[in-house]
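Novice: Shown below is the structure under consideration.
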Amino acid sequence: MPFSRKGVDYPRLKEIIQALMKYQFDNVVGELELKGSRWGDLLYKYDSSIDLDATAPERLRMVFEELGPTFIKLGQMMSTRPDLVGQQMATEFTKLQDDTLPFDFDTVKLIVENEFDKPLSEVFQVFGKKQLAAASIGQVHSAVLKDGALVAVKVQRPGIQDTVEKDLLIMHHLADLINNRISSLRVFNFPEIVDEFEKSIRKEMDYTLEARNAENFQANFAGNNGIRAPIIFQEYSTSLVLTMEFIQGTKMSQVMENQEGFDTKLLAKRVAQSYFQQIMLDGFFHADPHPGNMYVLEDKVVCYIDFGMMGHIDQDFMQNLAELFIQVIDYKVDAIINQLIYMDVIDDYVDRSSLKRDIMDILDHYYGASLNEMHMGNILSDLAIPLITKYQARIPPEFTLITRAVTLIEEVAHTLDGEFDATAQFKPMVRKLLLKKFSPKNMADLFKDNMFEMEHLVKNLPRNINRMVAKIDNGEIRVKYSDELSEDIERTSNKLVVAIIIAALLLGSSWIIQIDKGPMVWGMPLLGFLGFAASGVLGLSLIIYIISYRKI
């Protein structure tokens, strides 16, 4: 596969290749087969003068640190995906720090004035010249609005979007080359890693999206006085400038180091409950809840900051995850395997005996320990690694994000309160979600959402049966049966008739519940409720009959 020259920044490519060779990845560079092209030979005019006694993950971390912001961000993303890069590399990449030299105030002033199309003094009463923090994407300054409100203003680093675009183009090229030319590294699927990273960093560079994320987060905790996010000032925010409330409090990382004067038991409870709410009830969660992204305010309020990266999961995934969590906590190994198959994480033809032994070995490390020593994040992480390496599991990206985040949250909670029992906080919320799943209203909504598919199924069933019978008559399908089999077919036909009646009742009831007239029961019309009740009785009877017949 030829390396495309279109749009490639060759000086930057040269820096990348030379950094790889400097940190003793010359074997990888050699296998890319770049040598011999018009520019390729130039890349090799560099020999490492550094004698390194370090592992490959350590040396790759050094490469990313030297290459700067885009590669540091890539490494940080990879640290959250042990399913893609392996646990050793993911752990090493957690050491990457996003500390960058600040850019000068004149540049800040120019960016802000261009965004608002007016002088800085007309937008802000006061604007601090010294940055509060600087990172690869932007830096933060304190300011005061015209109405006297104290705010923090995040300004995006000049030229960062152009830098990221150039690096992304090279990353895509190199990822494809590695995947096609170095078979030993194909297991890491670098093209997928770069694709996911591109989505991630584009979101992080859009301050408009970050502002919406913060507002949505705040809305989810509107009734909770113990959790909040900074207020966003939309009229003073753009895609390059984000103005938010200046948070005056103590960083959670500092509270964890010096707990004197803080109600750490209450803080641990609030942190854990807030995060379980995000992943179990809201389906919208902070993707990087490390202690530096949380503040403790007056009245023991926990304030999350930095909403550039958020995770989203739908209702089905939340419910499936909740069921998996309960099964793990209750040590139901067969149920765990069935749930993983249902979630399409592993194939149904997996070696169940082997998988069962492996899961039991993992869970045995935790069971017998006290509940406050059971860390759900660690258990899920330990489960995921053998699933990926041995059973070729398809771990959803959301799962690994949640696993890492829950691990971080549990570390915060256990540091604040050594006796903290995460499962005690977690179980009631999971059970609440599962009760909601099977509530009459949710079941009614489920049938209503799927009634067209049910109607198509019922309507097409006679036609499909006729087609099958015609194929049998034409000899396309041959069936050999005895008198005993004939009786089985009759029983099956009877059960099929009952199933069709149940489907018809559910379909009719789903239509009826949309009419808000007549006597009501639990928010549903009485006739629709009776239809659901009748179908439930028939369905339960059919299940009992099937189970009883199997036991004969």
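Chain labels follow the order of the structure tokens: the first chain is A, the next B, and so on; residue numbering restarts at 1 in every chain, and ligands are counted from 1 in their shown order.
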When DSSP is applied to the backbone of this structure, which of stretch 10-178 of chain A are assigned strand (DSSP E or B)? Write them out as a VMD selection string.

Specialist: chain A and resid 124 to 127 133 to 134 138 to 145 150 to 156

Novice: List the spatial neighbours of stretch 287-301 of chain A as a PyMOL selection string - criterion: any atom at most 10 Å away, only C-alpha atoms, same-chain residues fewer than 4 positions off excluded.

Specialist: chain A and resi 80+224-229+247-256+262-264+266-267+270-271+275+305-312+398+401-402+404-409+411-412

Novice: Find the distance between atom CA of A:Ile379 and atom CA of A:Ile362 and write it in Å to one decimal.

Specialist: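 These atoms are spaced 7.7 Å apart.
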
Novice: Rounded to one decimal, what separation in Å do you get between atom CA of A:Ile170 and atom CA of A:Asp9?

Specialist: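 Atom-to-atom, atom CA of A:Ile170 to atom CA of A:Asp9, that is 7.8 Å.
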
Novice: As a PyMOL selection string, please: the residues near A:Gly138 (cut-off 12 Å, only C-alpha atoms, same-chain neighbours under 3 positions excluded).

Specialist: chain A and resi 69+98-104+107-108+111+131-135+141+153-161+204-207+239-242+306+308

Novice: Next, dump the selected residues to file, keeping only N, CA, C and O atoms, as a compact mmCIF listing (two decimals), in the first residue's frame.

Specialist:
```txt
# COMPACT_ATOMS: atom_id res chain seq x y z
N PRO A 69 1.16 18.07 22.20
CA PRO A 69 -0.26 18.04 22.59
C PRO A 69 -1.11 16.94 21.96
O PRO A 69 -1.78 16.20 22.67
N ASP A 98 -0.89 16.57 30.93
CA ASP A 98 -1.27 17.57 29.92
C ASP A 98 -0.85 18.97 30.36
O ASP A 98 -1.65 19.89 30.44
N ASP A 99 0.43 19.10 30.72
CA ASP A 99 0.97 20.40 31.12
C ASP A 99 1.73 21.02 29.96
O ASP A 99 2.68 20.43 29.45
N THR A 100 1.30 22.21 29.55
CA THR A 100 1.89 22.85 28.38
C THR A 100 2.24 24.29 28.72
O THR A 100 1.59 24.91 29.56
N LEU A 101 3.27 24.82 28.08
CA LEU A 101 3.63 26.21 28.29
C LEU A 101 2.48 27.13 27.87
O LEU A 101 1.83 26.91 26.85
N PRO A 102 2.19 28.16 28.68
CA PRO A 102 1.08 29.07 28.34
C PRO A 102 1.43 29.94 27.14
O PRO A 102 2.60 30.14 26.81
N PHE A 103 0.39 30.46 26.48
CA PHE A 103 0.62 31.45 25.43
C PHE A 103 0.37 32.85 26.01
O PHE A 103 -0.32 33.01 27.02
N ASP A 104 0.94 33.87 25.37
CA ASP A 104 0.99 35.21 25.97
C ASP A 104 -0.37 35.89 26.00
O ASP A 104 -1.29 35.56 25.24
N THR A 107 -1.99 37.46 22.81
CA THR A 107 -2.68 36.49 21.95
C THR A 107 -4.07 36.17 22.50
O THR A 107 -5.05 36.09 21.76
N VAL A 108 -4.15 36.03 23.82
CA VAL A 108 -5.45 35.79 24.48
C VAL A 108 -6.41 36.94 24.16
O VAL A 108 -7.56 36.73 23.78
N ILE A 111 -7.67 36.86 20.53
CA ILE A 111 -8.65 35.80 20.28
C ILE A 111 -10.02 36.20 20.83
O ILE A 111 -11.05 36.09 20.15
N GLN A 131 -2.43 33.50 33.44
CA GLN A 131 -3.31 32.33 33.33
C GLN A 131 -3.37 31.58 34.66
O GLN A 131 -2.41 31.54 35.42
N LEU A 132 -4.54 30.95 34.90
CA LEU A 132 -4.71 30.11 36.09
C LEU A 132 -4.21 28.70 35.83
O LEU A 132 -3.72 28.02 36.72
N ALA A 133 -4.37 28.26 34.58
CA ALA A 133 -3.94 26.92 34.18
C ALA A 133 -3.74 26.91 32.68
O ALA A 133 -4.42 27.64 31.94
N ALA A 134 -2.81 26.07 32.21
CA ALA A 134 -2.55 25.95 30.78
C ALA A 134 -2.48 24.48 30.41
O ALA A 134 -1.86 23.67 31.11
N ALA A 135 -3.15 24.12 29.31
CA ALA A 135 -3.14 22.74 28.83
C ALA A 135 -2.97 22.76 27.32
O ALA A 135 -2.82 23.83 26.70
N HIS A 141 -8.24 31.87 32.32
CA HIS A 141 -7.96 33.15 32.99
C HIS A 141 -9.15 33.52 33.87
O HIS A 141 -10.29 33.18 33.55
N VAL A 153 -12.48 32.10 32.36
CA VAL A 153 -12.59 32.15 30.89
C VAL A 153 -11.56 31.21 30.28
O VAL A 153 -10.36 31.39 30.48
N LYS A 154 -12.05 30.21 29.57
CA LYS A 154 -11.16 29.26 28.90
C LYS A 154 -11.01 29.70 27.45
O LYS A 154 -12.00 29.87 26.73
N VAL A 155 -9.76 29.92 27.03
CA VAL A 155 -9.46 30.39 25.68
C VAL A 155 -8.66 29.32 24.95
O VAL A 155 -7.66 28.82 25.47
N GLN A 156 -9.11 28.98 23.74
CA GLN A 156 -8.45 27.91 23.00
C GLN A 156 -7.10 28.36 22.45
O GLN A 156 -6.94 29.49 21.99
N ARG A 157 -6.15 27.45 22.52
CA ARG A 157 -4.77 27.73 22.09
C ARG A 157 -4.75 28.08 20.60
O ARG A 157 -5.34 27.37 19.78
N PRO A 158 -4.07 29.14 20.20
CA PRO A 158 -4.03 29.52 18.79
C PRO A 158 -3.32 28.46 17.95
O PRO A 158 -2.29 27.92 18.35
N GLY A 159 -3.90 28.14 16.82
CA GLY A 159 -3.30 27.19 15.89
C GLY A 159 -3.46 25.74 16.27
O GLY A 159 -3.01 24.86 15.54
N ILE A 160 -4.13 25.45 17.39
CA ILE A 160 -4.22 24.06 17.85
C ILE A 160 -5.04 23.22 16.87
O ILE A 160 -4.73 22.05 16.64
N GLN A 161 -6.08 23.81 16.28
CA GLN A 161 -6.91 23.03 15.36
C GLN A 161 -6.12 22.64 14.11
O GLN A 161 -6.23 21.51 13.63
N GLU A 204 -13.58 17.68 22.06
CA GLU A 204 -12.91 18.44 23.11
C GLU A 204 -12.53 19.85 22.64
O GLU A 204 -12.44 20.77 23.46
N MET A 205 -12.33 20.03 21.34
CA MET A 205 -11.95 21.35 20.82
C MET A 205 -13.17 22.23 20.55
O MET A 205 -13.01 23.39 20.17
N ASP A 206 -14.37 21.71 20.74
CA ASP A 206 -15.59 22.48 20.51
C ASP A 206 -16.13 22.96 21.85
O ASP A 206 -16.82 22.22 22.55
N TYR A 207 -15.86 24.20 22.22
CA TYR A 207 -16.29 24.72 23.52
C TYR A 207 -17.81 24.89 23.59
O TYR A 207 -18.39 24.91 24.68
N SER A 239 -17.25 28.99 20.24
CA SER A 239 -16.55 27.71 20.04
C SER A 239 -15.09 27.77 20.49
O SER A 239 -14.46 26.73 20.72
N LEU A 240 -14.54 28.98 20.64
CA LEU A 240 -13.14 29.14 21.04
C LEU A 240 -12.97 29.76 22.41
O LEU A 240 -11.86 29.75 22.97
N VAL A 241 -14.03 30.33 22.97
CA VAL A 241 -13.99 30.98 24.28
C VAL A 241 -15.16 30.46 25.11
O VAL A 241 -16.30 30.49 24.67
N LEU A 242 -14.85 29.97 26.32
CA LEU A 242 -15.89 29.46 27.21
C LEU A 242 -15.82 30.21 28.54
O LEU A 242 -14.80 30.18 29.22
N ASP A 306 -14.82 20.62 33.95
CA ASP A 306 -14.22 20.10 32.72
C ASP A 306 -15.13 19.08 32.05
O ASP A 306 -14.99 17.86 32.22
N GLY A 308 -15.47 18.63 28.74
CA GLY A 308 -15.09 18.47 27.33
C GLY A 308 -15.38 17.08 26.82
O GLY A 308 -15.71 16.89 25.64
```

Novice: Find, counting only C-alpha atoms, the residue in A:Val28, A:Ala424, A:Val194, A:Val123 that gets nearest to A:Gly75.

Specialist: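 The closest residue to A:Gly75 is A:Val194.
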
Novice: Taking 6 positions as the minimum chain separation for residues in the same chain, which residues sit within 12 Å of A:Gln76 when counting only C-alpha atoms? Answer as a list of chain:residue names.

Specialist: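 Residues near the query, excluding close chain neighbours: A:Arg61, A:Phe64, A:Glu65, A:Pro69, A:Thr70, A:Pro82, A:Val85, A:Met89, A:Ala90, A:Thr91, A:Glu92, A:Phe93, A:Thr94, A:Lys95, A:Leu96, A:Gln97, A:Asp98, A:Ile193, A:Phe197, A:Ser200, A:Ile201, A:Ala287, A:Asp288.
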
Novice: Could you write out the selected residues, including N, CA, C and O atoms, as a JSON list (two decimals), in the first residue's frame?

Specialist:
```json
[["chain", "number", "residue", "atom", "x", "y", "z"],
["A", 61, "ARG", "N", 5.55, 6.06, 25.65],
["A", 61, "ARG", "CA", 5.08, 7.22, 26.42],
["A", 61, "ARG", "C", 6.04, 8.39, 26.24],
["A", 61, "ARG", "O", 5.61, 9.54, 26.06],
["A", 64, "PHE", "N", 5.45, 10.05, 22.89],
["A", 64, "PHE", "CA", 4.25, 10.90, 22.90],
["A", 64, "PHE", "C", 4.51, 12.20, 23.64],
["A", 64, "PHE", "O", 4.05, 13.28, 23.21],
["A", 65, "GLU", "N", 5.24, 12.13, 24.76],
["A", 65, "GLU", "CA", 5.55, 13.35, 25.51],
["A", 65, "GLU", "C", 6.37, 14.31, 24.67],
["A", 65, "GLU", "O", 6.14, 15.53, 24.68],
["A", 69, "PRO", "N", 1.16, 18.07, 22.20],
["A", 69, "PRO", "CA", -0.26, 18.04, 22.59],
["A", 69, "PRO", "C", -1.11, 16.94, 21.96],
["A", 69, "PRO", "O", -1.78, 16.20, 22.67],
["A", 70, "THR", "N", -1.09, 16.81, 20.62],
["A", 70, "THR", "CA", -1.98, 15.83, 19.98],
["A", 70, "THR", "C", -1.63, 14.42, 20.41],
["A", 70, "THR", "O", -2.53, 13.61, 20.69],
["A", 82, "PRO", "N", -7.80, -0.26, 27.71],
["A", 82, "PRO", "CA", -6.95, -1.47, 27.83],
["A", 82, "PRO", "C", -7.44, -2.59, 26.93],
["A", 82, "PRO", "O", -6.68, -3.49, 26.60],
["A", 85, "VAL", "N", -5.33, -1.68, 23.71],
["A", 85, "VAL", "CA", -3.86, -1.59, 23.74],
["A", 85, "VAL", "C", -3.22, -2.48, 24.80],
["A", 85, "VAL", "O", -2.00, -2.54, 24.89],
["A", 89, "MET", "N", 0.21, -1.20, 28.64],
["A", 89, "MET", "CA", 0.36, 0.05, 27.92],
["A", 89, "MET", "C", -0.63, 1.09, 28.44],
["A", 89, "MET", "O", -0.28, 2.28, 28.60],
["A", 90, "ALA", "N", -1.87, 0.67, 28.72],
["A", 90, "ALA", "CA", -2.87, 1.59, 29.23],
["A", 90, "ALA", "C", -2.43, 2.19, 30.56],
["A", 90, "ALA", "O", -2.58, 3.40, 30.80],
["A", 91, "THR", "N", -1.87, 1.36, 31.43],
["A", 91, "THR", "CA", -1.40, 1.84, 32.74],
["A", 91, "THR", "C", -0.27, 2.84, 32.58],
["A", 91, "THR", "O", -0.22, 3.87, 33.26],
["A", 92, "GLU", "N", 0.67, 2.56, 31.66],
["A", 92, "GLU", "CA", 1.79, 3.46, 31.44],
["A", 92, "GLU", "C", 1.33, 4.82, 30.93],
["A", 92, "GLU", "O", 1.85, 5.87, 31.34],
["A", 93, "PHE", "N", 0.31, 4.82, 30.07],
["A", 93, "PHE", "CA", -0.16, 6.08, 29.49],
["A", 93, "PHE", "C", -0.92, 6.95, 30.48],
["A", 93, "PHE", "O", -1.17, 8.13, 30.20],
["A", 94, "THR", "N", -1.31, 6.38, 31.63],
["A", 94, "THR", "CA", -1.95, 7.22, 32.65],
["A", 94, "THR", "C", -0.97, 8.23, 33.23],
["A", 94, "THR", "O", -1.37, 9.20, 33.88],
["A", 95, "LYS", "N", 0.34, 8.02, 32.99],
["A", 95, "LYS", "CA", 1.37, 8.93, 33.51],
["A", 95, "LYS", "C", 1.53, 10.18, 32.65],
["A", 95, "LYS", "O", 2.24, 11.11, 33.04],
["A", 96, "LEU", "N", 0.89, 10.20, 31.48],
["A", 96, "LEU", "CA", 1.03, 11.36, 30.60],
["A", 96, "LEU", "C", 0.34, 12.57, 31.21],
["A", 96, "LEU", "O", -0.84, 12.52, 31.58],
["A", 97, "GLN", "N", 1.06, 13.67, 31.32],
["A", 97, "GLN", "CA", 0.52, 14.89, 31.90],
["A", 97, "GLN", "C", 0.27, 15.93, 30.81],
["A", 97, "GLN", "O", 1.09, 16.13, 29.93],
["A", 98, "ASP", "N", -0.89, 16.57, 30.93],
["A", 98, "ASP", "CA", -1.27, 17.57, 29.92],
["A", 98, "ASP", "C", -0.85, 18.97, 30.36],
["A", 98, "ASP", "O", -1.65, 19.89, 30.44],
["A", 193, "ILE", "N", -8.10, 2.83, 16.76],
["A", 193, "ILE", "CA", -7.68, 3.73, 17.84],
["A", 193, "ILE", "C", -7.66, 5.18, 17.34],
["A", 193, "ILE", "O", -8.17, 6.09, 18.01],
["A", 197, "PHE", "N", -9.94, 8.31, 18.49],
["A", 197, "PHE", "CA", -9.28, 9.49, 19.01],
["A", 197, "PHE", "C", -9.72, 10.74, 18.25],
["A", 197, "PHE", "O", -9.93, 11.79, 18.86],
["A", 200, "SER", "N", -12.93, 11.93, 19.56],
["A", 200, "SER", "CA", -12.76, 12.45, 20.91],
["A", 200, "SER", "C", -12.18, 13.85, 20.91],
["A", 200, "SER", "O", -12.71, 14.76, 21.57],
["A", 201, "ILE", "N", -11.10, 14.07, 20.17],
["A", 201, "ILE", "CA", -10.42, 15.36, 20.24],
["A", 201, "ILE", "C", -11.21, 16.45, 19.53],
["A", 201, "ILE", "O", -11.17, 17.62, 19.91],
["A", 287, "ALA", "N", -16.61, 11.61, 31.63],
["A", 287, "ALA", "CA", -15.72, 10.55, 31.15],
["A", 287, "ALA", "C", -14.36, 10.54, 31.82],
["A", 287, "ALA", "O", -13.60, 9.59, 31.65],
["A", 288, "ASP", "N", -14.05, 11.59, 32.61],
["A", 288, "ASP", "CA", -12.74, 11.64, 33.26],
["A", 288, "ASP", "C", -12.88, 12.22, 34.67],
["A", 288, "ASP", "O", -12.40, 13.32, 34.96]]
```

Novice: Leaving out stretch 175-182 of chain A and any residue of its chain fewer than 3 positions from it, which residues lie within 8 Å of it when counting only C-alpha atoms, given as a list in words?

Specialist: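 Skipping anything fewer than 3 positions along the chain leaves Met1, Phe3, Val28, Glu31, Leu32, Met171, His172, Leu185, Arg186, Asn189, Phe190, Pro191 and Val194 of chain A.
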
Novice: With C-alpha atoms retained, could you export that selection as a PDB file, in the first residue's frame?

Specialist:
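The result, stored in out-v3.pdb:
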```pdb
ATOM      1  CA  MET A   1       0.000   0.000   0.000  1.00  0.00           C
ATOM      2  CA  PHE A   3       2.038   6.040   1.359  1.00  0.00           C
ATOM      3  CA  VAL A  28       9.047  -0.573  13.648  1.00  0.00           C
ATOM      4  CA  GLU A  31       9.044  -2.448   8.773  1.00  0.00           C
ATOM      5  CA  LEU A  32       6.978   0.488   7.516  1.00  0.00           C
ATOM      6  CA  MET A 171      -1.690   9.351  12.396  1.00  0.00           C
ATOM      7  CA  HIS A 172      -4.205   7.887   9.957  1.00  0.00           C
ATOM      8  CA  LEU A 185       1.060  -5.153  15.734  1.00  0.00           C
ATOM      9  CA  ARG A 186      -2.228  -5.788  13.920  1.00  0.00           C
ATOM     10  CA  ASN A 189      -5.987  -2.240  15.517  1.00  0.00           C
ATOM     11  CA  PHE A 190      -4.340   1.196  15.276  1.00  0.00           C
ATOM     12  CA  PRO A 191      -6.780   2.479  12.614  1.00  0.00           C
ATOM     13  CA  VAL A 194      -7.014   6.762  15.617  1.00  0.00           C
TER      14      VAL A 194
END
```

Novice: Tell me which protein, DNA and RNA residues are within 8 Å of stretch 326-341 of chain A, counting only C-alpha atoms, leaving out same-chain ones fewer than 4 positions away, and put them as a PyMOL selection string.

Specialist: chain A and resi 320+322+345-348+352+355-356+359-360+363+423+427+430

Novice: Please dump the current selection as a tab-separated table (two decimals), in the first residue's frame; keep C-alpha atoms.

Specialist:
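And here's selection07.tsv as it stands now:
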```
chain	number	residue	atom	x	y	z
A	320	ASN	CA	-28.05	-4.50	30.65
A	322	ALA	CA	-27.22	-2.90	35.77
A	345	VAL	CA	-19.95	-9.15	24.11
A	346	ILE	CA	-19.12	-12.82	23.52
A	347	ASP	CA	-20.49	-15.37	21.03
A	348	ASP	CA	-23.03	-17.94	22.15
A	352	ARG	CA	-18.78	-22.04	28.56
A	355	LEU	CA	-15.16	-19.24	30.58
A	356	LYS	CA	-16.99	-20.23	33.76
A	359	ILE	CA	-14.76	-15.97	35.76
A	360	MET	CA	-14.87	-17.94	39.01
A	363	LEU	CA	-14.37	-13.42	41.36
A	423	THR	CA	-22.08	-1.85	46.84
A	427	LYS	CA	-27.41	-1.87	44.79
A	430	VAL	CA	-29.55	-0.70	40.28
```

Novice: Between atom CA of A:Ala214 and atom CA of A:Ile232, what is the distance, to one decimal in Å?

Specialist: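 Those two atoms sit 7.4 Å apart.
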
Novice: Can you list, as a PyMOL selection string, every residue of stretch 105-343 of chain A that DSSP puts in helix (DSSP H, G or I)?

Specialist: chain A and resi 105-116+120-123+160-181+183-188+190-204+207-220+234-236+252-257+264-282+291-293+298-300+315-329+333-342

Novice: Which is closest to A:Met280 among A:Met429, A:Val151, A:Val164, A:Val144, if we use only C-alpha atoms?

Specialist: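 Selected residue with least distance to A:Met280: A:Met429.
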